[in-house]
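S.K.: Got a structure for you, final.txt, holding compact mmCIF, C-alpha atoms and all ligand atoms.
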```txt
# COMPACT_ATOMS: atom_id res chain seq x y z
CA MET A 29 -35.92 0.21 -2.91
CA LYS A 30 -35.42 2.62 -5.77
CA ILE A 31 -32.79 5.15 -4.77
CA LEU A 32 -31.77 8.50 -6.26
CA LEU A 33 -28.04 9.07 -5.82
CA THR A 34 -26.83 12.62 -6.31
CA GLY A 35 -23.09 12.79 -6.93
CA GLY A 36 -23.19 9.08 -7.74
CA ALA A 37 -20.26 9.33 -10.18
CA GLY A 38 -17.98 10.54 -7.39
CA TYR A 39 -15.67 8.63 -5.08
CA ILE A 40 -18.07 7.61 -2.30
CA GLY A 41 -21.18 7.65 -4.52
CA SER A 42 -19.72 5.16 -7.00
CA HIS A 43 -18.76 2.70 -4.26
CA THR A 44 -22.19 3.11 -2.67
CA THR A 45 -23.86 2.40 -6.03
CA VAL A 46 -22.01 -0.92 -6.16
CA GLU A 47 -23.06 -1.90 -2.63
CA LEU A 48 -26.68 -0.81 -3.13
CA ILE A 49 -27.01 -2.89 -6.29
CA LYS A 50 -25.35 -5.85 -4.57
CA ALA A 51 -27.96 -5.53 -1.81
CA GLY A 52 -30.81 -5.68 -4.36
CA HIS A 53 -31.70 -1.97 -4.64
CA SER A 54 -32.03 -0.10 -7.92
CA VAL A 55 -30.18 3.15 -8.43
CA VAL A 56 -30.53 6.27 -10.58
CA VAL A 57 -27.59 8.70 -10.63
CA ILE A 58 -27.54 12.47 -11.11
CA ASP A 59 -24.11 14.12 -11.38
CA ASN A 60 -22.84 17.21 -13.19
CA LEU A 61 -19.41 15.53 -13.56
CA SER A 62 -17.65 18.61 -12.13
CA ASN A 63 -15.37 16.26 -10.16
CA SER A 64 -15.89 12.92 -11.92
CA SER A 65 -16.43 11.38 -15.32
CA GLU A 66 -19.09 9.31 -17.02
CA ASP A 67 -16.54 6.54 -17.39
CA VAL A 68 -17.02 5.86 -13.65
CA ILE A 69 -20.65 4.92 -14.31
CA LYS A 70 -19.50 2.49 -17.01
CA ARG A 71 -17.01 0.95 -14.59
CA VAL A 72 -19.71 0.55 -11.93
CA GLU A 73 -21.90 -1.14 -14.55
CA GLN A 74 -18.99 -3.45 -15.34
CA ILE A 75 -18.57 -4.38 -11.64
CA THR A 76 -22.28 -4.87 -10.97
CA ASN A 77 -23.42 -6.15 -14.35
CA ALA A 78 -26.38 -3.79 -14.03
CA GLU A 79 -27.56 -0.88 -16.13
CA ILE A 80 -27.54 2.41 -14.22
CA PRO A 81 -29.76 5.24 -15.44
CA PHE A 82 -27.52 8.34 -15.44
CA TYR A 83 -28.44 12.02 -15.79
CA LYS A 84 -25.70 14.57 -16.37
CA LEU A 85 -27.38 17.42 -14.56
CA ASP A 86 -26.48 20.17 -12.14
CA LEU A 87 -28.62 19.88 -9.03
CA ARG A 88 -29.25 23.62 -9.11
CA ASP A 89 -31.12 23.19 -12.41
CA ASN A 90 -34.63 21.92 -13.04
CA LEU A 91 -34.71 18.23 -12.11
CA SER A 92 -38.18 17.41 -13.40
CA CYS A 93 -36.85 15.34 -16.32
CA VAL A 94 -35.56 12.80 -13.78
CA PHE A 95 -38.65 12.77 -11.61
CA SER A 96 -40.99 12.46 -14.58
CA GLU A 97 -39.28 9.20 -15.48
CA HIS A 98 -38.73 7.69 -12.02
CA ALA A 99 -40.49 7.45 -8.63
CA PHE A 100 -38.01 7.16 -5.76
CA ASP A 101 -38.28 5.57 -2.33
CA ALA A 102 -35.28 7.52 -1.00
CA CYS A 103 -32.47 9.85 -1.98
CA ILE A 104 -28.83 9.66 -0.91
CA HIS A 105 -27.35 13.11 -1.36
CA PHE A 106 -23.60 12.97 -2.01
CA ALA A 107 -23.28 15.80 -4.54
CA GLY A 108 -21.18 18.72 -3.42
CA LEU A 109 -17.82 20.40 -3.72
CA LYS A 110 -15.40 19.18 -1.05
CA ALA A 111 -11.95 20.76 -1.39
CA VAL A 112 -11.25 22.48 1.91
CA GLY A 113 -8.52 24.86 0.67
CA GLU A 114 -10.44 25.83 -2.46
CA SER A 115 -13.48 26.64 -0.32
CA VAL A 116 -11.40 29.21 1.56
CA SER A 117 -10.40 31.01 -1.65
CA LEU A 118 -13.77 30.53 -3.43
CA PRO A 119 -16.38 30.67 -0.64
CA LEU A 120 -19.26 31.85 -2.84
CA ARG A 121 -18.72 28.98 -5.25
CA TYR A 122 -18.98 26.54 -2.32
CA TYR A 123 -22.00 28.14 -0.66
CA ASP A 124 -23.76 28.44 -4.00
CA ASN A 125 -23.02 24.92 -5.20
CA ASN A 126 -23.60 23.04 -1.96
CA LEU A 127 -26.49 25.01 -0.48
CA VAL A 128 -28.48 25.92 -3.61
CA SER A 129 -28.17 22.31 -4.86
CA THR A 130 -29.48 20.96 -1.60
CA LEU A 131 -32.41 23.39 -1.40
CA ASN A 132 -33.44 22.68 -4.98
CA LEU A 133 -33.12 18.93 -4.40
CA ILE A 134 -35.20 18.96 -1.22
CA LYS A 135 -37.93 21.07 -2.81
CA THR A 136 -38.08 18.71 -5.79
CA LEU A 137 -38.16 15.63 -3.56
CA GLU A 138 -41.00 17.16 -1.55
CA ALA A 139 -42.96 18.04 -4.69
CA HIS A 140 -42.71 14.39 -5.75
CA ASN A 141 -43.57 13.07 -2.30
CA CYS A 142 -40.19 11.44 -1.68
CA LYS A 143 -39.46 12.45 1.89
CA ASN A 144 -36.64 10.05 2.75
CA ILE A 145 -33.16 11.49 2.53
CA ILE A 146 -29.69 10.43 3.63
CA PHE A 147 -27.13 13.23 3.68
CA SER A 148 -23.33 12.99 3.39
CA SER A 149 -22.01 15.04 6.27
CA SER A 150 -18.57 15.10 7.79
CA ALA A 151 -16.69 14.92 11.06
CA THR A 152 -15.61 18.44 10.15
CA VAL A 153 -18.88 19.72 11.71
CA TYR A 154 -17.46 18.91 15.18
CA GLY A 155 -14.78 21.59 14.66
CA THR A 156 -12.20 21.12 17.39
CA PRO A 157 -14.06 18.25 19.08
CA ALA A 158 -15.11 18.67 22.68
CA GLU A 159 -14.53 14.93 23.31
CA ILE A 160 -12.44 12.06 21.93
CA PRO A 161 -13.68 9.59 20.81
CA ILE A 162 -16.41 11.73 19.26
CA THR A 163 -20.00 10.62 19.86
CA GLU A 164 -22.98 12.08 18.03
CA GLN A 165 -23.82 13.97 21.26
CA CYS A 166 -20.63 15.97 20.93
CA PRO A 167 -21.70 19.55 20.15
CA LYS A 168 -21.08 20.85 16.68
CA GLY A 169 -18.19 23.28 16.63
CA ILE A 170 -16.72 26.23 14.79
CA CYS A 171 -15.78 25.10 11.29
CA THR A 172 -12.44 26.32 10.00
CA ASN A 173 -13.51 26.71 6.37
CA PRO A 174 -16.56 27.41 4.15
CA TYR A 175 -16.74 23.78 3.02
CA GLY A 176 -17.26 22.70 6.62
CA TRP A 177 -19.88 25.40 7.14
CA THR A 178 -21.87 24.14 4.13
CA LYS A 179 -22.08 20.72 5.83
CA SER A 180 -23.05 22.27 9.15
CA ILE A 181 -25.69 24.53 7.54
CA ILE A 182 -27.20 21.70 5.48
CA GLU A 183 -27.50 19.62 8.67
CA GLN A 184 -29.39 22.56 10.19
CA ILE A 185 -31.65 22.93 7.13
CA LEU A 186 -32.54 19.22 7.28
CA THR A 187 -33.16 19.43 11.03
CA ASP A 188 -35.48 22.42 10.63
CA LEU A 189 -37.24 20.70 7.73
CA TYR A 190 -37.92 17.66 9.89
CA LYS A 191 -39.12 19.80 12.82
CA ALA A 192 -41.61 21.52 10.54
CA ASP A 193 -42.82 18.33 8.87
CA THR A 194 -42.24 15.06 10.68
CA SER A 195 -43.35 13.03 7.69
CA TRP A 196 -39.78 13.55 6.45
CA ASN A 197 -37.21 10.90 7.38
CA VAL A 198 -33.68 12.26 7.52
CA ILE A 199 -30.42 10.46 8.22
CA ILE A 200 -27.29 12.50 8.59
CA LEU A 201 -24.11 10.45 8.20
CA ARG A 202 -20.92 12.06 9.48
CA TYR A 203 -18.02 10.44 7.68
CA PHE A 204 -14.56 10.37 9.20
CA ASN A 205 -11.66 9.86 6.75
CA PRO A 206 -12.67 7.69 3.78
CA VAL A 207 -9.75 5.96 2.03
CA GLY A 208 -9.12 2.88 -0.11
CA ALA A 209 -10.90 1.74 -3.23
CA HIS A 210 -12.95 -1.11 -4.64
CA GLN A 211 -10.96 -4.37 -4.73
CA SER A 212 -11.47 -4.62 -8.51
CA GLY A 213 -9.21 -1.59 -9.01
CA LEU A 214 -11.85 -0.19 -11.39
CA ILE A 215 -13.10 2.66 -9.19
CA GLY A 216 -11.46 4.81 -6.55
CA GLU A 217 -10.61 8.40 -5.75
CA ALA A 218 -9.17 10.40 -8.65
CA PRO A 219 -8.32 13.85 -7.32
CA LYS A 220 -7.67 16.56 -9.88
CA GLY A 221 -4.26 18.20 -9.50
CA ILE A 222 -2.15 17.77 -6.38
CA PRO A 223 -4.07 15.84 -3.72
CA ASN A 224 -5.02 17.53 -0.45
CA ASN A 225 -5.69 14.35 1.48
CA LEU A 226 -3.10 12.07 2.98
CA ILE A 227 -3.65 8.72 1.25
CA PRO A 228 -3.92 10.02 -2.33
CA TYR A 229 -0.73 11.99 -1.66
CA ILE A 230 1.04 8.89 -0.32
CA THR A 231 0.00 6.77 -3.32
CA GLN A 232 1.31 9.39 -5.73
CA VAL A 233 4.63 9.59 -3.87
CA ALA A 234 4.92 5.79 -3.90
CA SER A 235 4.31 5.71 -7.65
CA GLY A 236 6.90 8.43 -8.25
CA ARG A 237 4.41 11.00 -9.54
CA LEU A 238 5.21 13.18 -6.53
CA ASP A 239 8.58 13.65 -4.96
CA LYS A 240 7.95 13.21 -1.26
CA LEU A 241 5.24 13.46 1.34
CA HIS A 242 5.13 16.64 3.44
CA ILE A 243 4.05 15.66 6.94
CA PHE A 244 2.21 18.59 8.51
CA GLY A 245 3.56 18.75 12.05
CA ASN A 246 5.20 16.33 14.48
CA ASP A 247 4.53 18.33 17.62
CA TYR A 248 0.95 17.29 18.35
CA GLU A 249 0.13 15.62 21.66
CA THR A 250 0.14 12.15 20.12
CA PRO A 251 2.58 9.26 20.70
CA ASP A 252 4.73 10.11 17.64
CA GLY A 253 3.74 13.77 17.39
CA THR A 254 1.89 13.45 14.05
CA GLY A 255 -1.85 13.93 13.58
CA ILE A 256 -4.25 11.06 14.32
CA ARG A 257 -7.36 10.34 12.20
CA ASP A 258 -10.06 7.70 11.89
CA TYR A 259 -9.47 6.26 8.40
CA ILE A 260 -12.32 4.13 7.07
CA HIS A 261 -12.33 1.91 3.98
CA VAL A 262 -14.68 3.40 1.38
CA VAL A 263 -16.39 0.03 0.87
CA ASP A 264 -17.24 -0.11 4.59
CA LEU A 265 -18.50 3.45 4.33
CA ALA A 266 -20.62 2.53 1.29
CA ARG A 267 -22.13 -0.38 3.24
CA GLY A 268 -23.01 2.09 5.99
CA HIS A 269 -25.42 3.72 3.53
CA VAL A 270 -27.05 0.39 2.72
CA ALA A 271 -27.48 -0.18 6.47
CA ALA A 272 -28.86 3.35 6.94
CA LEU A 273 -31.63 2.65 4.43
CA THR A 274 -33.01 0.06 6.83
CA ALA A 275 -33.51 2.82 9.42
CA ILE A 276 -34.93 5.48 7.10
CA LYS A 277 -38.43 5.29 8.63
CA ASN A 278 -37.43 6.53 12.05
CA GLY A 279 -37.55 10.33 11.82
CA LEU A 280 -34.30 12.24 12.12
CA SER A 281 -31.09 10.45 13.11
CA ILE A 282 -27.39 11.25 13.06
CA TYR A 283 -24.67 8.61 12.84
CA ASN A 284 -20.90 8.73 12.85
CA LEU A 285 -19.37 6.43 10.25
CA GLY A 286 -15.84 5.61 11.34
CA THR A 287 -13.90 2.67 12.70
CA GLY A 288 -13.40 4.05 16.20
CA ARG A 289 -9.60 3.67 15.83
CA GLY A 290 -7.16 6.45 15.20
CA TYR A 291 -3.86 6.14 13.31
CA SER A 292 -1.10 8.71 13.05
CA VAL A 293 0.39 9.99 9.80
CA LEU A 294 3.59 8.06 10.49
CA GLU A 295 1.67 4.86 11.19
CA MET A 296 -0.09 5.32 7.84
CA VAL A 297 3.21 5.79 6.03
CA LYS A 298 4.84 2.78 7.71
CA THR A 299 1.86 0.49 7.10
CA PHE A 300 1.59 1.60 3.46
CA GLU A 301 5.29 0.86 2.93
CA LYS A 302 5.10 -2.54 4.61
CA VAL A 303 1.89 -3.81 2.99
CA ASN A 304 2.84 -2.72 -0.51
CA SER A 305 6.64 -3.15 -0.35
CA VAL A 306 7.21 0.41 -1.56
CA LYS A 307 9.04 3.47 -0.24
CA VAL A 308 7.32 6.71 0.74
CA PRO A 309 9.97 9.38 1.30
CA TYR A 310 8.78 12.21 3.56
CA ILE A 311 9.86 15.39 5.27
CA ILE A 312 8.41 16.90 8.41
CA GLU A 313 7.03 20.41 8.03
CA GLY A 314 5.07 22.83 10.19
CA ARG A 315 1.43 22.27 11.05
CA ARG A 316 -1.19 22.89 8.34
CA ALA A 317 -3.53 25.79 9.17
CA GLY A 318 -6.86 24.61 10.54
CA ASP A 319 -5.67 21.06 11.37
CA ILE A 320 -6.48 19.43 14.70
CA GLY A 321 -4.24 16.90 16.44
CA ILE A 322 -6.60 14.02 17.12
CA CYS A 323 -9.94 13.07 15.57
CA TYR A 324 -11.60 9.68 15.82
CA SER A 325 -15.14 8.46 16.19
CA ASP A 326 -17.18 6.52 18.65
CA PRO A 327 -19.13 4.47 16.05
CA ARG A 328 -21.19 2.48 18.56
CA LYS A 329 -24.50 4.19 17.76
CA ALA A 330 -24.31 3.02 14.13
CA MET A 331 -23.24 -0.44 15.29
CA ARG A 332 -26.20 -0.66 17.67
CA GLU A 333 -28.95 0.90 15.58
CA LEU A 334 -27.88 0.08 12.02
CA ALA A 335 -26.24 -3.29 12.71
CA TRP A 336 -23.25 -1.95 10.78
CA ARG A 337 -19.57 -1.88 11.53
CA ALA A 338 -16.39 -1.33 9.58
CA ASP A 339 -14.79 -4.66 8.70
CA TYR A 340 -11.63 -3.59 6.89
CA GLY A 341 -8.43 -2.65 8.69
CA LEU A 342 -5.54 -0.38 7.83
CA GLU A 343 -3.74 -3.03 5.77
CA GLU A 344 -6.70 -3.47 3.40
CA MET A 345 -7.07 0.31 3.15
CA CYS A 346 -3.40 0.65 2.14
CA ARG A 347 -3.49 -2.36 -0.19
CA ASP A 348 -6.61 -1.24 -2.07
CA SER A 349 -5.44 2.37 -2.35
CA TRP A 350 -2.23 1.17 -3.97
CA ASN A 351 -4.05 -1.28 -6.26
CA TRP A 352 -6.27 1.58 -7.45
CA GLU A 353 -3.30 3.90 -7.96
CA GLN A 354 -1.64 1.31 -10.18
CA ASN A 355 -4.83 0.63 -12.18
CA SER A 356 -6.06 4.17 -12.56
CA ARG A 357 -3.52 6.06 -14.63
CA SER A 358 -6.03 6.67 -17.41
CA VAL A 359 -8.54 8.18 -14.98
CA HIS A 360 -6.24 10.72 -13.33
CA VAL A 361 -6.51 14.25 -14.67
P1 LIG A 401 -16.55 13.55 -5.05
O1 LIG A 401 -16.14 14.92 -5.46
O2 LIG A 401 -15.78 12.41 -5.57
O3 LIG A 401 -18.10 13.31 -5.43
C1 LIG A 401 -19.05 14.35 -5.42
C2 LIG A 401 -19.79 14.32 -6.75
O4 LIG A 401 -20.76 15.36 -6.76
C3 LIG A 401 -18.86 14.54 -7.94
O5 LIG A 401 -19.00 13.48 -8.87
C4 LIG A 401 -19.33 15.87 -8.53
O6 LIG A 401 -19.18 15.90 -9.93
C5 LIG A 401 -20.77 15.94 -8.06
N1 LIG A 401 -21.32 17.29 -7.93
C6 LIG A 401 -20.79 18.35 -7.26
N2 LIG A 401 -21.60 19.40 -7.34
C7 LIG A 401 -22.69 19.02 -8.07
C8 LIG A 401 -23.87 19.68 -8.50
N3 LIG A 401 -24.09 20.98 -8.24
N4 LIG A 401 -24.77 18.99 -9.24
C9 LIG A 401 -24.55 17.68 -9.54
N5 LIG A 401 -23.44 17.01 -9.17
C10 LIG A 401 -22.52 17.67 -8.43
O7 LIG A 401 -16.61 13.54 -3.46
P2 LIG A 401 -16.76 12.31 -2.45
O8 LIG A 401 -15.46 12.15 -1.75
O9 LIG A 401 -17.36 11.16 -3.14
O10 LIG A 401 -17.77 12.94 -1.41
C11 LIG A 401 -19.16 12.69 -1.49
C12 LIG A 401 -19.85 13.51 -0.41
O11 LIG A 401 -19.33 13.11 0.86
C13 LIG A 401 -19.61 15.01 -0.52
O12 LIG A 401 -20.79 15.68 -0.15
C14 LIG A 401 -18.52 15.26 0.50
O13 LIG A 401 -18.56 16.57 1.00
C15 LIG A 401 -18.86 14.25 1.57
N6 LIG A 401 -17.70 13.86 2.40
C16 LIG A 401 -16.56 13.43 1.80
C17 LIG A 401 -15.46 13.11 2.59
C18 LIG A 401 -14.16 12.68 1.95
O14 LIG A 401 -13.13 12.77 2.62
N7 LIG A 401 -14.16 12.20 0.71
C19 LIG A 401 -15.54 13.20 3.98
C20 LIG A 401 -16.74 13.62 4.55
C21 LIG A 401 -17.83 13.96 3.75
C1 LIG A 402 -5.10 13.61 7.44
C2 LIG A 402 -3.82 13.79 8.27
C3 LIG A 402 -2.86 15.98 8.04
C4 LIG A 402 -1.86 15.54 3.80
C5 LIG A 402 -10.07 16.34 5.44
C6 LIG A 402 -11.11 17.44 5.51
C7 LIG A 402 -12.38 16.92 6.13
C8 LIG A 402 -12.84 15.63 5.44
C9 LIG A 402 -11.76 14.63 5.24
C10 LIG A 402 -14.59 16.07 3.92
C11 LIG A 402 -3.75 15.15 8.97
C12 LIG A 402 -1.92 14.92 7.48
C13 LIG A 402 -2.30 15.31 5.09
C14 LIG A 402 -0.47 15.71 3.58
C15 LIG A 402 -0.08 15.37 5.93
N1 LIG A 402 -13.37 15.87 4.14
N2 LIG A 402 -1.44 15.22 6.13
N3 LIG A 402 0.38 15.61 4.66
O1 LIG A 402 -7.63 16.96 7.33
O2 LIG A 402 -8.49 14.91 8.56
O3 LIG A 402 -9.81 15.87 6.75
O4 LIG A 402 -10.61 15.26 4.67
O5 LIG A 402 -15.49 16.27 4.69
O6 LIG A 402 -13.31 17.94 6.04
O7 LIG A 402 -10.59 18.51 6.27
O8 LIG A 402 -7.72 14.68 6.18
O9 LIG A 402 -6.28 13.47 4.61
O10 LIG A 402 -6.19 16.01 4.65
O11 LIG A 402 -5.25 14.72 6.56
O12 LIG A 402 0.72 15.29 6.86
O13 LIG A 402 -0.01 15.96 2.45
O14 LIG A 402 -2.69 13.76 7.39
O15 LIG A 402 -2.15 17.00 8.69
O16 LIG A 402 -3.11 14.94 10.20
P1 LIG A 402 -8.34 15.68 7.30
P2 LIG A 402 -6.36 14.73 5.40
```
Could you spell out this file's structure in structure tokens?
M.R.:
Amino acid sequence: MKILLTGGAGYIGSHTTVELIKAGHSVVVIDNLSNSSEDVIKRVEQITNAEIPFYKLDLRDNLSCVFSEHAFDACIHFAGLKAVGESVSLPLRYYDNNLVSTLNLIKTLEAHNCKNIIFSSSATVYGTPAEIPITEQCPKGICTNPYGWTKSIIEQILTDLYKADTSWNVIILRYFNPVGAHQSGLIGEAPKGIPNNLIPYITQVASGRLDKLHIFGNDYETPDGTGIRDYIHVVDLARGHVAALTAIKNGLSIYNLGTGRGYSVLEMVKTFEKVNSVKVPYIIEGRRAGDIGICYSDPRKAMRELAWRADYGLEEMCRDSWNWEQNSRSVHV
């Protein structure tokens, strides 16, 4: 299939490009490079030995130059701003970027008769989850930040679109906590400034770029008191998109993409230290506002219907994150 990837120069989009090409699909990328660089596309070309048509474009702008040159079978929509804390201080930027982009994209896809879309959603739409492990039946919850609301609202827009016109095929993928990097060490996550997420923070402490890890709370109702999350290797997540394409003809579907296993912050630190023979100094601090204690998926629907499951374990996630950290100095901003 010929696939349009929005946000394809980003962390998850770049890994998905690699897996799509490996699976025999062809890919065209649109990205405004607000959180990535064109060098990522070159690195993906190096890994795949394929040429990737790339358009540096903001999705809120006129996209006809892309559609006049290509006819797509499906679109995977990754593009969006994703920094939770920044979305609290700059809500209009987030609503404008994420919602206006999506509306413009959908209208353009419709005008060009491409009605197959896969959307990057997040476990954040469950809010404080009503059940653990979280199935797709779990009701959506109150989001604690504008970023989360943009995901929840876009899910609603896509649901209403499908209800109004069932010739659309929509797959909503709710990612849990993507970590790790491609085994080549050529692509990975390159957060600008001080990382918000756990693994990028750990890798920067291990490399000495940051002093110590601040663990946000050890008084949760978990065995060691620290927060539990469902970390998933980004290559497994990328393969989830390849698997989802096989189900794109079935109307509207929602899938959790996670491993179904939760690990605590301390387990992450200990495993990272052991696998990579490094030290990660930490201090325990108070809880971070908006955090929940435990969040992990029930991924069985995706296993059943998409014939997909996460293959990599925590050790590979820690190993590949560290490999990327050591290879990526030139990419970090
Ligand atoms: P990322 O920031 O690395 O990639 C997003 C890409 O979209 C970037 O390259 C950015 O330049 C581009 N972009 C942003 N706004 C754009 C616009 N208006 N026009 C064109 N390009 C634009 O993020 P990621 O981690 O790869 O996440 C991909 C998607 O998955 C996002 O929608 C994110 O919300 C979602 N998601 C991510 C996580 C996570 O923890 N990484 C978890 C759940 C969901
Ligand atoms: C994981 C655990 C922290 C950093 C976020 C977004 C969510 C989704 C994925 C996009 C928690 C603890 C973290 C640190 C710490 N993104 N932690 N010290 O919060 O599960 O999810 O990213 O959709 O929307 O909210 O991930 O990596 O920030 O935190 O102790 O410096 O690590 O408290 O228990 P989170 P995270």
S.K.: Hey, can you check how far atom C3 of ligand LIG 402 (chain A) sits from CA of Phe147 in chain A?
M.R.: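 Between atom C3 of ligand LIG 402 (chain A) and CA of Phe147 in chain A the gap is 24.8 Å.
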S.K.: Applying 10 Å and only C-alpha atoms, which residues near Cys346 in chain A remain after dropping the ones on its own chain fewer than 4 positions away? List them as a ChimeraX atom specification.
M.R.: /A:207-209,227,230-231,261,296-297,299-304,341-342,350-351
S.K.: Got a sec to check which residues lie within 7 Å of ligand LIG 401 (chain A), using all atoms listed in the file, and send them as a JSON list (two decimals) with C-alpha atoms, keeping the file's coordinate frame?
M.R.:
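Written output follows (selection.json):
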```
[["chain", "number", "residue", "atom", "x", "y", "z"],
["A", 34, "THR", "CA", -26.83, 12.62, -6.31],
["A", 35, "GLY", "CA", -23.09, 12.79, -6.93],
["A", 36, "GLY", "CA", -23.19, 9.08, -7.74],
["A", 37, "ALA", "CA", -20.26, 9.33, -10.18],
["A", 38, "GLY", "CA", -17.98, 10.54, -7.39],
["A", 39, "TYR", "CA", -15.67, 8.63, -5.08],
["A", 40, "ILE", "CA", -18.07, 7.61, -2.30],
["A", 41, "GLY", "CA", -21.18, 7.65, -4.52],
["A", 58, "ILE", "CA", -27.54, 12.47, -11.11],
["A", 59, "ASP", "CA", -24.11, 14.12, -11.38],
["A", 60, "ASN", "CA", -22.84, 17.21, -13.19],
["A", 61, "LEU", "CA", -19.41, 15.53, -13.56],
["A", 62, "SER", "CA", -17.65, 18.61, -12.13],
["A", 63, "ASN", "CA", -15.37, 16.26, -10.16],
["A", 64, "SER", "CA", -15.89, 12.92, -11.92],
["A", 85, "LEU", "CA", -27.38, 17.42, -14.56],
["A", 86, "ASP", "CA", -26.48, 20.17, -12.14],
["A", 87, "LEU", "CA", -28.62, 19.88, -9.03],
["A", 88, "ARG", "CA", -29.25, 23.62, -9.11],
["A", 106, "PHE", "CA", -23.60, 12.97, -2.01],
["A", 107, "ALA", "CA", -23.28, 15.80, -4.54],
["A", 108, "GLY", "CA", -21.18, 18.72, -3.42],
["A", 109, "LEU", "CA", -17.82, 20.40, -3.72],
["A", 110, "LYS", "CA", -15.40, 19.18, -1.05],
["A", 125, "ASN", "CA", -23.02, 24.92, -5.20],
["A", 126, "ASN", "CA", -23.60, 23.04, -1.96],
["A", 129, "SER", "CA", -28.17, 22.31, -4.86],
["A", 148, "SER", "CA", -23.33, 12.99, 3.39],
["A", 149, "SER", "CA", -22.01, 15.04, 6.27],
["A", 150, "SER", "CA", -18.57, 15.10, 7.79],
["A", 151, "ALA", "CA", -16.69, 14.92, 11.06],
["A", 202, "ARG", "CA", -20.92, 12.06, 9.48],
["A", 203, "TYR", "CA", -18.02, 10.44, 7.68],
["A", 204, "PHE", "CA", -14.56, 10.37, 9.20],
["A", 205, "ASN", "CA", -11.66, 9.86, 6.75],
["A", 206, "PRO", "CA", -12.67, 7.69, 3.78],
["A", 217, "GLU", "CA", -10.61, 8.40, -5.75]]
```
S.K.: Could you tell me which of A:Gly279, A:Gly52, A:Gly245, A:Gly268 comes closest to Asp193 in chain A if we count all atoms listed in the file?
M.R.: A:Gly279
S.K.: What gap, in Å, lies between CA of Ala266 in chain A and CA of Pro327 in chain A?
M.R.: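 Going from CA of Ala266 in chain A over to CA of Pro327 in chain A, I get 15.0 Å.
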S.K.: Quick one: residues within 9 Å of (-9.1, 12.7, 8.6) (file frame), counting all atoms listed in the file, please, as a list in words.
M.R.: Ala151, Thr152, Phe204, Asn205, Pro206, Asn225, Leu226, Gly255, Ile256, Arg257, Asp258, Tyr259, Ile322, Cys323 and Tyr324 of chain A
S.K.: Taking all atoms listed in the file into account, name the residue in A:Thr254, A:Asn278, A:Gln165, A:Ser96 that is nearest to Val198 in chain A.
M.R.: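 Result for the nearest residue to Val198 in chain A: A:Asn278.
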S.K.: Suppose you want the space between CA of Gly253 in chain A and CA of Pro157 in chain A; what is it in Å?
M.R.: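 According to the coordinates, CA of Gly253 in chain A and CA of Pro157 in chain A are separated by 18.4 Å.
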S.K.: I'd like to know which of A:Phe244, A:Phe100, A:Phe82, A:Trp196 is closest to ligand LIG 402 (chain A), using all atoms listed in the file.
M.R.: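 Comparing A:Phe244, A:Phe100, A:Phe82, A:Trp196 against ligand LIG 402 (chain A), the winner is A:Phe244.
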S.K.: Just add N, CA, C and O atoms to range 135-142 of chain A and send it as a short mmCIF file (atom, residue, chain, number, x, y, z; two decimals), in the frame of the given file.
M.R.:
```cif
data_model
loop_
_atom_site.label_atom_id
_atom_site.label_comp_id
_atom_site.auth_asym_id
_atom_site.auth_seq_id
_atom_site.Cartn_x
_atom_site.Cartn_y
_atom_site.Cartn_z
N LYS A 135 -36.63 20.58 -2.33
CA LYS A 135 -37.93 21.07 -2.81
C LYS A 135 -38.50 20.12 -3.87
O LYS A 135 -39.69 19.84 -3.90
N THR A 136 -37.61 19.61 -4.73
CA THR A 136 -38.08 18.71 -5.79
C THR A 136 -38.53 17.38 -5.19
O THR A 136 -39.55 16.81 -5.58
N LEU A 137 -37.77 16.88 -4.22
CA LEU A 137 -38.16 15.63 -3.56
C LEU A 137 -39.54 15.78 -2.92
O LEU A 137 -40.43 14.93 -3.07
N GLU A 138 -39.73 16.91 -2.24
CA GLU A 138 -41.00 17.16 -1.55
C GLU A 138 -42.16 17.22 -2.57
O GLU A 138 -43.21 16.62 -2.36
N ALA A 139 -41.91 17.90 -3.66
CA ALA A 139 -42.96 18.04 -4.69
C ALA A 139 -43.35 16.68 -5.26
O ALA A 139 -44.47 16.50 -5.74
N HIS A 140 -42.42 15.73 -5.20
CA HIS A 140 -42.71 14.39 -5.75
C HIS A 140 -42.94 13.37 -4.63
O HIS A 140 -42.84 12.16 -4.83
N ASN A 141 -43.19 13.89 -3.45
CA ASN A 141 -43.57 13.07 -2.30
C ASN A 141 -42.53 11.99 -1.97
O ASN A 141 -42.87 10.89 -1.54
N CYS A 142 -41.26 12.32 -2.17
CA CYS A 142 -40.19 11.44 -1.68
C CYS A 142 -39.55 12.15 -0.50
O CYS A 142 -38.79 13.10 -0.67
#
```
